2 protein chains.
Amino acid sequence: MPTYKLTYFNARGYAEPARMLFHLAGVPFEDYRMTHGDGTWEKIKGSTPIGKVPVLSVDGFDIPQSLAIIRYLANKFGYAGKTLEEKAWADAVVDQYKDFQFAFIQYVNAKSAGRPDEEVERIRTEVYLPYKELYFDFLNRLLEKSKSGFLVGDSLTFADLVVVENLFSLGKNQHFVAAEHPKLLALKEKIYGIPAIKQYVESRPDTQF
Amino acid sequence: MPTYKLTYFNARGYAEPARMLFHLAGVPFEDYRMTHGDGTWEKIKGSTPIGKVPVLSVDGFDIPQSLAIIRYLANKFGYAGKTLEEKAWADAVVDQYKDFQFAFIQYVNAKSAGRPDEEVERIRTEVYLPYKELYFDFLNRLLEKSKSGFLVGDSLTFADLVVVENLFSLGKNQHFVAAEHPKLLALKEKIYGIPAIKQYVESRPDTQF
C-alpha cells in the first residue's frame with residue numbers, strides 16, 4: 001500500500017473530505033496539520049505545486065487542489081460513483097458546491113476586509129444568497145428524487161462528504177440552520193451516522209473552520 | 001453509440017472544450033446553440049438540472065456543469081489521463097483554471113455593472129491579477145517540466161483543451177498577449193495544430209465569447 005501524507009493546516013477546511021475518505025476506507029495516512037503562524041507554511045510553500053494546500057503526497061508524488069485530491073482518493077477507494085454517469089453527477093454536485101463556495105468567500109472576504117456596509121450587503125444579496133439558494137435547491141431536488149438517501153446513485157460518493165462537511169462548517173459559523181432544511185439535515189445525519197465517519201468526527205480536533 | 005446533444009448558447013464559453021472533444025474523438029453530436037433573447041432559454045431553463053447551461057444529454061440522460069460534462073466525455077473518449085495520477089493532475093489544472101475564472105468574472109462583472117472605478121481597480125489588482133499570475137505561473141511550470149509539450153503526461157488531456165480555449169477567449173478580449181507567454185502560445189499552437197481540432201476551429205461560428 002502506498003504511503004499517504006496529507007498536508008494542510010489544523011482546520012477542516014478544504015482537506016476534511018479527504019480525511020473522511022481515508023477513515024471511511026480504513027486506509028492509514030499521515031494527517032499533517034500545520035500550525036498557523038509558526039513559519040512552517042512559509043518554509044514549505046515554495047515546494048508545493050501551486051503554493052497552496054491541501055497537498056496529498058502518494059509515495060512522495062504530490063497532488064494539489066482539494067477536489068482533485070478528493071476525487072483521486074474516491075476513485076482509489078471506490079467512492080467516486082459506480083458508472084461514468086454517476087461519476088459525472090458526483091462531479092456536478094461538487095462543482096456546484098465550488099460555485100457556491102466562491103460566492104460565499106466573496107461575501108466573507110468583503111466582510112473581514114472591512115469593506116463598506118453597502119458593498120458587503122450588495123455582495124450578500126446579489127452574490128452569496130442567490131448562489132446559496134441555487135445550491136440548496138439543487139441538493140434538495142437530488143434528495144427528493146433519491147431512493148437511497150445519498151446524493152448520487154445508491155451508495156455514498158465523495159459528493160456526499162463534500163456537501164455534509166460544507167453544511168457542518170456553515171452551521172458552526174451560523175450560516176446554516178439545519179431545522180430549515182430537513183432533507184439536508186437528514187443527509188448530514190445519515191453520513192455522520194456511518195460508524196467509521198462517526199468515530200472520526202467525534203475524535204477530530206474541534207476547530208472553527 | 002449513444003445519441004449526444006449538447007445544449008448551450010451560440011458561444012464558445014463553457015461548452016467549447018466539450019465540442020472540441022467530440023470533434024477530436026470523431027463522435028457525432030447535436031451542437032444545439034440557442035440564440036440569446038429569443039425566449040428559447042426561458043422555455044427550457046426549468047427543465048434543466050440546475051437552471052444553467054451547458055447541459056449534455058446522453059440518450060436523454062442529462063448531465064449539468066461544464067467541467068463534469070467535459071471530464072465525462074474525456075473519460076469516455078480516452079482524454080482524461082492514462083493513470084489515476086494523471087487524471088488527478090488534469091483535474092488539478094482545470095480546478096486551478098476554475099479558480100482563476102472566478103476571479104476574472106468578479107472583475108468583468110464589477111466592470112460591466114458599472115461599479116465605481118476604485119472598486120473595479122481594487123478587484124483587478126487584488127483579485128483578478130493575483131489569480132492570473134498564480135494560474136499562468138502554474139501552467140508555465142508544468143510546461144517547463146513537460147517532455148511531451150502537453151500539460152499532463154505524454155498525450156492530450158481535457159486540461160489542455162480547457163486551458164487553450166480559455167487563452168483563446170482571453171486573447172480575443174484583450175486579456176492575454178500571446179507574445180508575453182511563449183510557452184502558453186506554444187501549447188495553444190500545438191493543440192490547434194491537431195488536424196481534427198484545426199478543422200473544427202476554422203469552421204466554428206466566430207463569436208466574441
# chains A, B, ... in the order shown; residues from 1 in each chain; ligands from 1
>>> select_by_dssp(residues="stretch 42-164 of chain A", states="alpha helix (DSSP H)", output="VMD selection string")
chain A and resid 42 to 44 66 to 77 84 to 112 117 to 123 129 to 145 158 to 164
>>> closest_atom_pairs(of="chain B", to="chain A", cutoff="8 Å", atoms="only C-alpha atoms", output="Markdown table")
| residue | atom | partner | partner_atom | distance |
| --- | --- | --- | --- | --- |
| B:Pro49 | CA | A:Phe138 | CA | 7.6 |
| B:Ile50 | CA | A:Phe138 | CA | 6.2 |
| B:Ile63 | CA | A:Trp89 | CA | 6.7 |
| B:Pro64 | CA | A:Ala92 | CA | 6.2 |
| B:Gln65 | CA | A:Ala92 | CA | 5.3 |
| B:Leu67 | CA | A:Asp95 | CA | 7.6 |
| B:Ala68 | CA | A:Asp91 | CA | 5.2 |
| B:Ile69 | CA | A:Ala88 | CA | 6.7 |
| B:Arg71 | CA | A:Ala88 | CA | 7.5 |
| B:Tyr72 | CA | A:Ala88 | CA | 5.7 |
| B:Asn75 | CA | A:Leu84 | CA | 7.7 |
| B:Lys76 | CA | A:Leu84 | CA | 7.9 |
| B:Leu84 | CA | A:Tyr72 | CA | 6.6 |
| B:Glu85 | CA | A:Tyr72 | CA | 7.5 |
| B:Lys87 | CA | A:Tyr72 | CA | 7.7 |
| B:Ala88 | CA | A:Ala68 | CA | 5.2 |
| B:Trp89 | CA | A:Ile63 | CA | 6.7 |
| B:Asp91 | CA | A:Ala68 | CA | 5.2 |
| B:Ala92 | CA | A:Ala68 | CA | 5.3 |
| B:Asp95 | CA | A:Gln65 | CA | 6.9 |
| B:Gln96 | CA | A:Gln65 | CA | 7.4 |
| B:Phe102 | CA | A:Phe102 | CA | 7.3 |
| B:Leu134 | CA | A:Ile50 | CA | 7.4 |
| B:Phe138 | CA | A:Ile50 | CA | 6.2 |
>>> write_last_selection(atoms="N, CA, C and O atoms", output="mmCIF file, in the first residue's frame")
data_model
loop_
_atom_site.group_PDB
_atom_site.id
_atom_site.type_symbol
_atom_site.label_atom_id
_atom_site.label_comp_id
_atom_site.auth_asym_id
_atom_site.auth_seq_id
_atom_site.Cartn_x
_atom_site.Cartn_y
_atom_site.Cartn_z
ATOM 1 N N PRO B 49 -31.165 20.526 -15.116
ATOM 2 C CA PRO B 49 -30.892 20.101 -13.734
ATOM 3 C C PRO B 49 -30.608 21.242 -12.757
ATOM 4 O O PRO B 49 -30.972 21.158 -11.586
ATOM 5 N N ILE B 50 -29.905 22.293 -13.204
ATOM 6 C CA ILE B 50 -29.556 23.375 -12.266
ATOM 7 C C ILE B 50 -30.095 24.722 -12.730
ATOM 8 O O ILE B 50 -29.858 25.743 -12.092
ATOM 9 N N ILE B 63 -26.674 15.663 -18.021
ATOM 10 C CA ILE B 63 -25.539 15.953 -17.138
ATOM 11 C C ILE B 63 -25.286 17.454 -17.170
ATOM 12 O O ILE B 63 -25.113 18.033 -18.242
ATOM 13 N N PRO B 64 -25.279 18.104 -15.985
ATOM 14 C CA PRO B 64 -25.010 19.542 -15.937
ATOM 15 C C PRO B 64 -23.567 19.819 -15.542
ATOM 16 O O PRO B 64 -22.808 18.890 -15.272
ATOM 17 N N GLN B 65 -23.208 21.067 -15.457
ATOM 18 C CA GLN B 65 -21.908 21.593 -15.003
ATOM 19 C C GLN B 65 -20.811 21.302 -16.048
ATOM 20 O O GLN B 65 -20.435 20.147 -16.282
ATOM 21 N N LEU B 67 -17.509 21.403 -16.318
ATOM 22 C CA LEU B 67 -16.333 20.548 -16.105
ATOM 23 C C LEU B 67 -16.731 19.083 -15.896
ATOM 24 O O LEU B 67 -15.990 18.178 -16.291
ATOM 25 N N ALA B 68 -17.884 18.862 -15.293
ATOM 26 C CA ALA B 68 -18.378 17.484 -15.139
ATOM 27 C C ALA B 68 -18.645 16.869 -16.520
ATOM 28 O O ALA B 68 -18.317 15.705 -16.776
ATOM 29 N N ILE B 69 -19.225 17.670 -17.412
ATOM 30 C CA ILE B 69 -19.510 17.220 -18.784
ATOM 31 C C ILE B 69 -18.204 16.900 -19.520
ATOM 32 O O ILE B 69 -18.069 15.851 -20.154
ATOM 33 N N ARG B 71 -15.182 16.293 -18.294
ATOM 34 C CA ARG B 71 -14.478 15.140 -17.709
ATOM 35 C C ARG B 71 -15.167 13.828 -18.112
ATOM 36 O O ARG B 71 -14.506 12.830 -18.401
ATOM 37 N N TYR B 72 -16.488 13.856 -18.140
ATOM 38 C CA TYR B 72 -17.258 12.667 -18.547
ATOM 39 C C TYR B 72 -16.901 12.254 -19.977
ATOM 40 O O TYR B 72 -16.576 11.086 -20.237
ATOM 41 N N ASN B 75 -13.326 10.973 -20.161
ATOM 42 C CA ASN B 75 -13.232 9.588 -19.695
ATOM 43 C C ASN B 75 -13.758 8.611 -20.737
ATOM 44 O O ASN B 75 -13.188 7.549 -20.961
ATOM 45 N N LYS B 76 -14.852 8.982 -21.395
ATOM 46 C CA LYS B 76 -15.424 8.095 -22.416
ATOM 47 C C LYS B 76 -14.522 7.959 -23.628
ATOM 48 O O LYS B 76 -14.385 6.881 -24.194
ATOM 49 N N LEU B 84 -4.602 7.089 -12.681
ATOM 50 C CA LEU B 84 -5.330 7.907 -11.705
ATOM 51 C C LEU B 84 -4.519 9.155 -11.340
ATOM 52 O O LEU B 84 -5.085 10.211 -11.065
ATOM 53 N N GLU B 85 -3.185 9.026 -11.359
ATOM 54 C CA GLU B 85 -2.336 10.178 -11.033
ATOM 55 C C GLU B 85 -2.425 11.239 -12.146
ATOM 56 O O GLU B 85 -2.503 12.433 -11.865
ATOM 57 N N LYS B 87 -4.965 11.593 -14.151
ATOM 58 C CA LYS B 87 -6.329 12.137 -14.032
ATOM 59 C C LYS B 87 -6.383 13.210 -12.950
ATOM 60 O O LYS B 87 -7.005 14.266 -13.107
ATOM 61 N N ALA B 88 -5.719 12.934 -11.818
ATOM 62 C CA ALA B 88 -5.719 13.892 -10.710
ATOM 63 C C ALA B 88 -5.058 15.203 -11.124
ATOM 64 O O ALA B 88 -5.527 16.292 -10.793
ATOM 65 N N TRP B 89 -3.965 15.102 -11.880
ATOM 66 C CA TRP B 89 -3.296 16.329 -12.323
ATOM 67 C C TRP B 89 -4.112 17.083 -13.369
ATOM 68 O O TRP B 89 -4.142 18.313 -13.364
ATOM 69 N N ASP B 91 -7.304 17.088 -13.422
ATOM 70 C CA ASP B 91 -8.330 17.704 -12.574
ATOM 71 C C ASP B 91 -7.786 18.940 -11.863
ATOM 72 O O ASP B 91 -8.475 19.959 -11.754
ATOM 73 N N ALA B 92 -6.546 18.839 -11.349
ATOM 74 C CA ALA B 92 -5.952 19.978 -10.631
ATOM 75 C C ALA B 92 -5.804 21.180 -11.557
ATOM 76 O O ALA B 92 -6.063 22.323 -11.160
ATOM 77 N N ASP B 95 -9.244 22.676 -12.122
ATOM 78 C CA ASP B 95 -9.709 23.369 -10.913
ATOM 79 C C ASP B 95 -8.963 24.687 -10.719
ATOM 80 O O ASP B 95 -9.536 25.666 -10.243
ATOM 81 N N GLN B 96 -7.696 24.716 -11.085
ATOM 82 C CA GLN B 96 -6.946 25.973 -11.000
ATOM 83 C C GLN B 96 -7.487 26.963 -12.027
ATOM 84 O O GLN B 96 -7.615 28.159 -11.745
ATOM 85 N N PHE B 102 -13.141 32.378 -11.798
ATOM 86 C CA PHE B 102 -13.994 33.068 -10.823
ATOM 87 C C PHE B 102 -13.458 34.459 -10.518
ATOM 88 O O PHE B 102 -14.211 35.425 -10.411
ATOM 89 N N LEU B 134 -0.928 33.439 -10.550
ATOM 90 C CA LEU B 134 -0.856 32.103 -9.961
ATOM 91 C C LEU B 134 -1.128 31.030 -11.022
ATOM 92 O O LEU B 134 -0.415 30.017 -11.125
ATOM 93 N N PHE B 138 1.646 28.537 -12.742
ATOM 94 C CA PHE B 138 1.409 27.099 -12.606
ATOM 95 C C PHE B 138 1.504 26.414 -13.972
ATOM 96 O O PHE B 138 2.219 25.413 -14.147
#
>>> residues_around(residues="B:Ile105", least_positions_apart="5", cutoff="9 Å", atoms="only C-alpha atoms", output="list in words")
Phe100, Ala110 and Tyr128 of chain B
>>> write_last_selection(atoms="all heavy atoms", output="mmCIF file, in the first residue's frame")
data_model
loop_
_atom_site.group_PDB
_atom_site.id
_atom_site.type_symbol
_atom_site.label_atom_id
_atom_site.label_comp_id
_atom_site.auth_asym_id
_atom_site.auth_seq_id
_atom_site.Cartn_x
_atom_site.Cartn_y
_atom_site.Cartn_z
ATOM 1 N N PHE B 100 -9.169 30.640 -11.240
ATOM 2 C CA PHE B 100 -8.825 31.852 -11.986
ATOM 3 C C PHE B 100 -10.067 32.470 -12.629
ATOM 4 O O PHE B 100 -10.296 33.678 -12.573
ATOM 5 C CB PHE B 100 -7.781 31.538 -13.079
ATOM 6 C CG PHE B 100 -7.758 32.554 -14.171
ATOM 7 C CD1 PHE B 100 -7.244 33.826 -13.939
ATOM 8 C CD2 PHE B 100 -8.289 32.275 -15.426
ATOM 9 C CE1 PHE B 100 -7.255 34.796 -14.935
ATOM 10 C CE2 PHE B 100 -8.312 33.236 -16.418
ATOM 11 C CZ PHE B 100 -7.788 34.500 -16.174
ATOM 12 N N ALA B 110 -17.877 43.354 -12.133
ATOM 13 C CA ALA B 110 -17.808 44.670 -11.482
ATOM 14 C C ALA B 110 -17.741 45.769 -12.531
ATOM 15 O O ALA B 110 -18.393 46.816 -12.420
ATOM 16 C CB ALA B 110 -16.595 44.733 -10.555
ATOM 17 N N TYR B 128 -8.295 39.661 -9.474
ATOM 18 C CA TYR B 128 -8.064 39.134 -10.815
ATOM 19 C C TYR B 128 -6.588 38.894 -11.112
ATOM 20 O O TYR B 128 -6.175 37.767 -11.449
ATOM 21 C CB TYR B 128 -8.720 40.065 -11.845
ATOM 22 C CG TYR B 128 -8.262 39.893 -13.269
ATOM 23 C CD1 TYR B 128 -8.153 38.622 -13.839
ATOM 24 C CD2 TYR B 128 -7.959 41.004 -14.065
ATOM 25 C CE1 TYR B 128 -7.729 38.476 -15.160
ATOM 26 C CE2 TYR B 128 -7.544 40.855 -15.376
ATOM 27 C CZ TYR B 128 -7.424 39.597 -15.914
ATOM 28 O OH TYR B 128 -7.010 39.450 -17.199
#
>>> select_by_dssp(residues="stretch 27-192 of chain B", states="strand (DSSP E)", output="PyMOL selection string")
chain B and resi 30-34+55-58+61-64
>>> write_last_selection(atoms="all heavy atoms", output="compact mmCIF listing (two decimals), in the first residue's frame")
# COMPACT_ATOMS: atom_id res chain seq x y z
N GLU B 30 -25.29 16.45 -31.44
CA GLU B 30 -26.09 17.62 -31.81
C GLU B 30 -25.55 18.83 -31.05
O GLU B 30 -25.58 18.84 -29.81
CB GLU B 30 -27.57 17.40 -31.49
CG GLU B 30 -28.43 18.58 -31.96
CD GLU B 30 -29.90 18.49 -31.54
OE1 GLU B 30 -30.33 17.41 -31.09
OE2 GLU B 30 -30.60 19.51 -31.67
N ASP B 31 -25.07 19.81 -31.78
CA ASP B 31 -24.48 21.02 -31.20
C ASP B 31 -25.59 22.08 -31.15
O ASP B 31 -25.66 22.96 -31.99
CB ASP B 31 -23.31 21.47 -32.09
CG ASP B 31 -22.53 22.61 -31.49
OD1 ASP B 31 -22.79 22.97 -30.33
OD2 ASP B 31 -21.66 23.15 -32.20
N TYR B 32 -26.46 21.96 -30.14
CA TYR B 32 -27.64 22.81 -30.08
C TYR B 32 -27.29 24.17 -29.48
O TYR B 32 -26.98 24.27 -28.29
CB TYR B 32 -28.74 22.12 -29.25
CG TYR B 32 -30.01 22.91 -29.15
CD1 TYR B 32 -30.60 23.46 -30.28
CD2 TYR B 32 -30.63 23.11 -27.91
CE1 TYR B 32 -31.77 24.19 -30.18
CE2 TYR B 32 -31.80 23.83 -27.80
CZ TYR B 32 -32.36 24.38 -28.95
OH TYR B 32 -33.52 25.11 -28.84
N ARG B 33 -27.33 25.20 -30.31
CA ARG B 33 -26.93 26.54 -29.90
C ARG B 33 -28.15 27.46 -29.86
O ARG B 33 -28.68 27.83 -30.90
CB ARG B 33 -25.91 27.11 -30.90
CG ARG B 33 -24.58 26.38 -30.93
CD ARG B 33 -23.75 26.78 -32.14
NE ARG B 33 -22.46 26.12 -32.14
CZ ARG B 33 -21.30 26.72 -31.82
NH1 ARG B 33 -21.29 27.99 -31.49
NH2 ARG B 33 -20.18 26.05 -31.82
N MET B 34 -28.52 27.84 -28.64
CA MET B 34 -29.67 28.74 -28.50
C MET B 34 -29.25 30.17 -28.86
O MET B 34 -28.10 30.56 -28.66
CB MET B 34 -30.18 28.72 -27.07
CG MET B 34 -30.75 27.39 -26.65
SD MET B 34 -31.32 27.43 -24.92
CE MET B 34 -29.76 27.48 -24.03
N VAL B 55 -25.72 21.80 -20.81
CA VAL B 55 -26.23 20.50 -20.38
C VAL B 55 -25.91 19.51 -21.49
O VAL B 55 -26.11 19.81 -22.67
CB VAL B 55 -27.76 20.55 -20.14
CG1 VAL B 55 -28.31 19.15 -19.92
CG2 VAL B 55 -28.10 21.44 -18.95
N LEU B 56 -25.39 18.37 -21.11
CA LEU B 56 -25.16 17.29 -22.08
C LEU B 56 -26.22 16.22 -21.87
O LEU B 56 -26.41 15.74 -20.75
CB LEU B 56 -23.78 16.66 -21.86
CG LEU B 56 -23.47 15.44 -22.76
CD1 LEU B 56 -23.30 15.86 -24.21
CD2 LEU B 56 -22.22 14.70 -22.26
N SER B 57 -26.93 15.88 -22.95
CA SER B 57 -27.89 14.77 -22.87
C SER B 57 -27.31 13.56 -23.57
O SER B 57 -26.89 13.65 -24.73
CB SER B 57 -29.21 15.14 -23.55
OG SER B 57 -29.83 16.17 -22.84
N VAL B 58 -27.27 12.45 -22.86
CA VAL B 58 -26.74 11.19 -23.41
C VAL B 58 -27.91 10.22 -23.44
O VAL B 58 -28.36 9.76 -22.38
CB VAL B 58 -25.62 10.63 -22.51
CG1 VAL B 58 -24.98 9.41 -23.15
CG2 VAL B 58 -24.57 11.70 -22.20
N PHE B 61 -30.36 11.29 -21.00
CA PHE B 61 -29.91 11.42 -19.61
C PHE B 61 -29.08 12.71 -19.49
O PHE B 61 -28.05 12.84 -20.16
CB PHE B 61 -29.08 10.19 -19.22
CG PHE B 61 -28.51 10.24 -17.82
CD1 PHE B 61 -29.29 9.87 -16.73
CD2 PHE B 61 -27.19 10.64 -17.60
CE1 PHE B 61 -28.76 9.91 -15.43
CE2 PHE B 61 -26.66 10.69 -16.31
CZ PHE B 61 -27.45 10.32 -15.23
N ASP B 62 -29.55 13.65 -18.65
CA ASP B 62 -28.92 14.97 -18.60
C ASP B 62 -27.76 15.05 -17.60
O ASP B 62 -27.88 14.58 -16.47
CB ASP B 62 -29.95 16.03 -18.20
CG ASP B 62 -30.89 16.37 -19.34
OD1 ASP B 62 -30.61 15.98 -20.48
OD2 ASP B 62 -31.91 17.04 -19.08
N ILE B 63 -26.67 15.66 -18.02
CA ILE B 63 -25.54 15.95 -17.14
C ILE B 63 -25.29 17.45 -17.17
O ILE B 63 -25.11 18.03 -18.24
CB ILE B 63 -24.27 15.19 -17.60
CG1 ILE B 63 -24.52 13.68 -17.56
CG2 ILE B 63 -23.07 15.57 -16.73
CD1 ILE B 63 -23.41 12.86 -18.20
N PRO B 64 -25.28 18.10 -15.98
CA PRO B 64 -25.01 19.54 -15.94
C PRO B 64 -23.57 19.82 -15.54
O PRO B 64 -22.81 18.89 -15.27
CB PRO B 64 -25.94 20.01 -14.81
CG PRO B 64 -25.93 18.86 -13.84
CD PRO B 64 -25.69 17.58 -14.64
>>> atom_distance(atom1="atom CA of B:Gly171", atom2="atom CA of B:Gly13")
13.4 Å
>>> atom_distance(atom1="atom CA of B:His23", atom2="atom CA of B:Tyr4")
12.6 Å
>>> closest_residue(among="A:Ala178, A:Leu184, A:Ala18, A:Leu143", to="A:Val163", atoms="only C-alpha atoms")
A:Leu184
>>> residues_around(residues="A:Lys172", least_positions_apart="6", cutoff="10 Å", atoms="only C-alpha atoms", output="PyMOL selection string")
chain A and resi 166+207-209
>>> atom_distance(atom1="atom CA of B:Lys45", atom2="atom CA of A:Pro182")
26.2 Å
>>> closest_residue(among="B:Phe158, B:Phe168, B:Tyr131, B:Tyr192", to="B:Arg12", atoms="only C-alpha atoms")
B:Phe168
>>> closest_residue(among="B:Phe29, B:Glu126, B:Ser112, B:Phe136", to="B:Pro2", atoms="only C-alpha atoms")
B:Phe29
>>> residues_around(residues="A:Gln199", least_positions_apart="4", cutoff="12 Å", atoms="only C-alpha atoms", output="list of chain:residue names")
A:Met20, A:His23, A:Leu24, A:Gly26, A:Ile191, A:Tyr192, A:Gly193, A:Ile194, A:Pro195, A:Ser203, A:Arg204
>>> closest_residue(among="A:Asp59, A:Ala15, A:Val53, A:Gly149", to="A:Thr3", atoms="only C-alpha atoms")
A:Asp59
